[in-house]
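As structure tokens, the structure follows; a few thoughts come after it.
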Amino acid sequence: MLFALLCKDKPGHLNIRLETRPTHLDYLNKLNAEGKLAMAGPFLDDEGKACGSLVMVTAETAEEAKALGDADPYAKAGLFESVEVKPFNWVLNKPEA
């Protein structure tokens, strides 16, 4: 099942995002290699700067999806103000597996 992790950055924490980005990308690449990552990318503010993330993961349960989010280096670094975990049904423009 797909889950969307809707992550909102804490205000004034862009430096944490930039410093942690390499390990965050390594983590996402690991999830991708394990077949657990559907897609990911940042939300942007009015100035075009990252202010959050959308990470789509494959997991059996919402708890497993939350655990994947909690293990993200961004989360461990305290970047996120909030993270919502929502089941997602990818209907249109879904890439072929």
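Ligands are numbered from 1 in the order shown, chains are lettered A, B, ... in the order of the structure tokens, and residues start at 1 in each chain.
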
Write out as a ChimeraX atom specification all residues of chain A that DSSP puts in alpha helix (DSSP H) for this structure's backbone.
/A:14-33,62-70,73-76

Residues near range 12-29 of chain A, cut-off 12 Å, only C-alpha atoms, skip fewer than 3 positions along chain, as an MDAnalysis selection string
chainID A and resid 8:9 32:42 44:45 49:57 68:81

Those same residues - N, CA and C atoms - I'd like them written as a JSON list (two decimals), in the first residue's frame.
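part-v8.json was written with the following content:
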[["chain", "number", "residue", "atom", "x", "y", "z"],
["A", 8, "LYS", "N", 6.30, 19.03, 7.05],
["A", 8, "LYS", "CA", 6.40, 20.49, 7.10],
["A", 8, "LYS", "C", 7.64, 20.86, 7.90],
["A", 9, "ASP", "N", 8.52, 21.66, 7.30],
["A", 9, "ASP", "CA", 9.73, 22.08, 7.99],
["A", 9, "ASP", "C", 9.41, 23.08, 9.10],
["A", 32, "ASN", "N", 14.69, 3.36, -2.13],
["A", 32, "ASN", "CA", 14.40, 3.08, -3.54],
["A", 32, "ASN", "C", 14.95, 1.71, -3.94],
["A", 33, "ALA", "N", 16.17, 1.42, -3.55],
["A", 33, "ALA", "CA", 16.79, 0.13, -3.88],
["A", 33, "ALA", "C", 16.02, -1.03, -3.25],
["A", 34, "GLU", "N", 15.38, -0.78, -2.11],
["A", 34, "GLU", "CA", 14.59, -1.80, -1.42],
["A", 34, "GLU", "C", 13.16, -1.88, -1.95],
["A", 35, "GLY", "N", 12.82, -1.03, -2.92],
["A", 35, "GLY", "CA", 11.47, -1.03, -3.48],
["A", 35, "GLY", "C", 10.43, -0.37, -2.58],
["A", 36, "LYS", "N", 10.88, 0.45, -1.65],
["A", 36, "LYS", "CA", 9.96, 1.08, -0.70],
["A", 36, "LYS", "C", 9.65, 2.54, -1.03],
["A", 37, "LEU", "N", 10.35, 3.14, -1.98],
["A", 37, "LEU", "CA", 10.15, 4.55, -2.34],
["A", 37, "LEU", "C", 9.45, 4.65, -3.68],
["A", 38, "ALA", "N", 8.32, 5.34, -3.71],
["A", 38, "ALA", "CA", 7.61, 5.59, -4.96],
["A", 38, "ALA", "C", 8.07, 6.90, -5.59],
["A", 39, "MET", "N", 8.19, 7.94, -4.78],
["A", 39, "MET", "CA", 8.67, 9.24, -5.25],
["A", 39, "MET", "C", 8.92, 10.14, -4.06],
["A", 40, "ALA", "N", 9.66, 11.20, -4.28],
["A", 40, "ALA", "CA", 9.93, 12.15, -3.20],
["A", 40, "ALA", "C", 10.38, 13.48, -3.79],
["A", 41, "GLY", "N", 10.14, 14.53, -3.04],
["A", 41, "GLY", "CA", 10.61, 15.85, -3.44],
["A", 41, "GLY", "C", 10.17, 16.90, -2.44],
["A", 42, "PRO", "N", 10.78, 18.09, -2.53],
["A", 42, "PRO", "CA", 10.47, 19.14, -1.57],
["A", 42, "PRO", "C", 9.26, 19.99, -1.99],
["A", 44, "LEU", "N", 7.96, 23.88, -1.97],
["A", 44, "LEU", "CA", 8.69, 25.15, -2.08],
["A", 44, "LEU", "C", 7.83, 26.29, -1.57],
["A", 45, "ASP", "N", 8.50, 27.27, -0.96],
["A", 45, "ASP", "CA", 7.79, 28.46, -0.52],
["A", 45, "ASP", "C", 7.70, 29.47, -1.66],
["A", 49, "LYS", "N", 12.28, 28.35, -2.10],
["A", 49, "LYS", "CA", 13.13, 27.61, -1.16],
["A", 49, "LYS", "C", 12.33, 26.46, -0.55],
["A", 50, "ALA", "N", 13.02, 25.36, -0.30],
["A", 50, "ALA", "CA", 12.37, 24.18, 0.27],
["A", 50, "ALA", "C", 11.80, 24.52, 1.65],
["A", 51, "CYS", "N", 10.57, 24.04, 1.89],
["A", 51, "CYS", "CA", 9.92, 24.31, 3.18],
["A", 51, "CYS", "C", 9.21, 23.06, 3.72],
["A", 52, "GLY", "N", 9.43, 21.94, 3.08],
["A", 52, "GLY", "CA", 8.81, 20.69, 3.49],
["A", 52, "GLY", "C", 9.11, 19.61, 2.47],
["A", 53, "SER", "N", 8.53, 18.44, 2.67],
["A", 53, "SER", "CA", 8.78, 17.32, 1.77],
["A", 53, "SER", "C", 7.52, 16.50, 1.57],
["A", 54, "LEU", "N", 7.42, 15.91, 0.39],
["A", 54, "LEU", "CA", 6.43, 14.88, 0.10],
["A", 54, "LEU", "C", 7.23, 13.62, -0.22],
["A", 55, "VAL", "N", 7.02, 12.59, 0.58],
["A", 55, "VAL", "CA", 7.70, 11.31, 0.37],
["A", 55, "VAL", "C", 6.62, 10.24, 0.27],
["A", 56, "MET", "N", 6.59, 9.53, -0.84],
["A", 56, "MET", "CA", 5.63, 8.46, -1.07],
["A", 56, "MET", "C", 6.34, 7.13, -0.87],
["A", 57, "VAL", "N", 5.86, 6.35, 0.11],
["A", 57, "VAL", "CA", 6.48, 5.07, 0.41],
["A", 57, "VAL", "C", 5.49, 3.93, 0.28],
["A", 68, "LEU", "N", 9.36, 4.49, 8.64],
["A", 68, "LEU", "CA", 10.26, 4.86, 7.55],
["A", 68, "LEU", "C", 10.53, 6.36, 7.59],
["A", 69, "GLY", "N", 9.49, 7.15, 7.85],
["A", 69, "GLY", "CA", 9.65, 8.59, 7.96],
["A", 69, "GLY", "C", 10.49, 8.98, 9.17],
["A", 70, "ASP", "N", 10.29, 8.32, 10.29],
["A", 70, "ASP", "CA", 11.05, 8.62, 11.50],
["A", 70, "ASP", "C", 12.53, 8.32, 11.32],
["A", 71, "ALA", "N", 12.87, 7.37, 10.46],
["A", 71, "ALA", "CA", 14.26, 6.99, 10.23],
["A", 71, "ALA", "C", 14.98, 7.92, 9.24],
["A", 72, "ASP", "N", 14.24, 8.80, 8.60],
["A", 72, "ASP", "CA", 14.82, 9.75, 7.65],
["A", 72, "ASP", "C", 15.77, 10.70, 8.39],
["A", 73, "PRO", "N", 16.96, 10.94, 7.86],
["A", 73, "PRO", "CA", 17.89, 11.86, 8.51],
["A", 73, "PRO", "C", 17.31, 13.25, 8.75],
["A", 74, "TYR", "N", 16.42, 13.72, 7.90],
["A", 74, "TYR", "CA", 15.78, 15.01, 8.15],
["A", 74, "TYR", "C", 14.99, 14.96, 9.46],
["A", 75, "ALA", "N", 14.23, 13.90, 9.65],
["A", 75, "ALA", "CA", 13.44, 13.76, 10.89],
["A", 75, "ALA", "C", 14.36, 13.65, 12.09],
["A", 76, "LYS", "N", 15.41, 12.86, 11.97],
["A", 76, "LYS", "CA", 16.35, 12.67, 13.08],
["A", 76, "LYS", "C", 17.06, 13.97, 13.45],
["A", 77, "ALA", "N", 17.26, 14.86, 12.45],
["A", 77, "ALA", "CA", 17.93, 16.14, 12.69],
["A", 77, "ALA", "C", 16.98, 17.19, 13.27],
["A", 78, "GLY", "N", 15.70, 16.85, 13.40],
["A", 78, "GLY", "CA", 14.74, 17.79, 13.95],
["A", 78, "GLY", "C", 14.24, 18.83, 12.97],
["A", 79, "LEU", "N", 14.32, 18.54, 11.67],
["A", 79, "LEU", "CA", 13.90, 19.50, 10.65],
["A", 79, "LEU", "C", 12.39, 19.72, 10.64],
["A", 80, "PHE", "N", 11.62, 18.68, 10.86],
["A", 80, "PHE", "CA", 10.18, 18.77, 10.64],
["A", 80, "PHE", "C", 9.39, 19.28, 11.84],
["A", 81, "GLU", "N", 8.50, 20.21, 11.54],
["A", 81, "GLU", "CA", 7.54, 20.70, 12.53],
["A", 81, "GLU", "C", 6.41, 19.68, 12.70]]

Distance of CA of Val85 in chain A from CA of Ala65 in chain A, expressed in Å to one decimal place
7.2 Å

Considering only C-alpha atoms, can you say which of A:Leu6, A:Pro11, A:Lys86, A:Asn93 comes closest to Thr61 in chain A?
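That would be A:Lys86, the residue with the smallest distance to Thr61 in chain A.
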
State, in Å with one decimal place, the distance from CA of Ala59 in chain A to CA of Phe3 in chain A.
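Straight-line distance from CA of Ala59 in chain A to CA of Phe3 in chain A works out to 7.1 Å.
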
Interatomic distance (Å, one decimal) between CA of Leu92 in chain A and CA of Glu63 in chain A
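Computing the Euclidean distance for CA of Leu92 in chain A and CA of Glu63 in chain A yields 25.9 Å.
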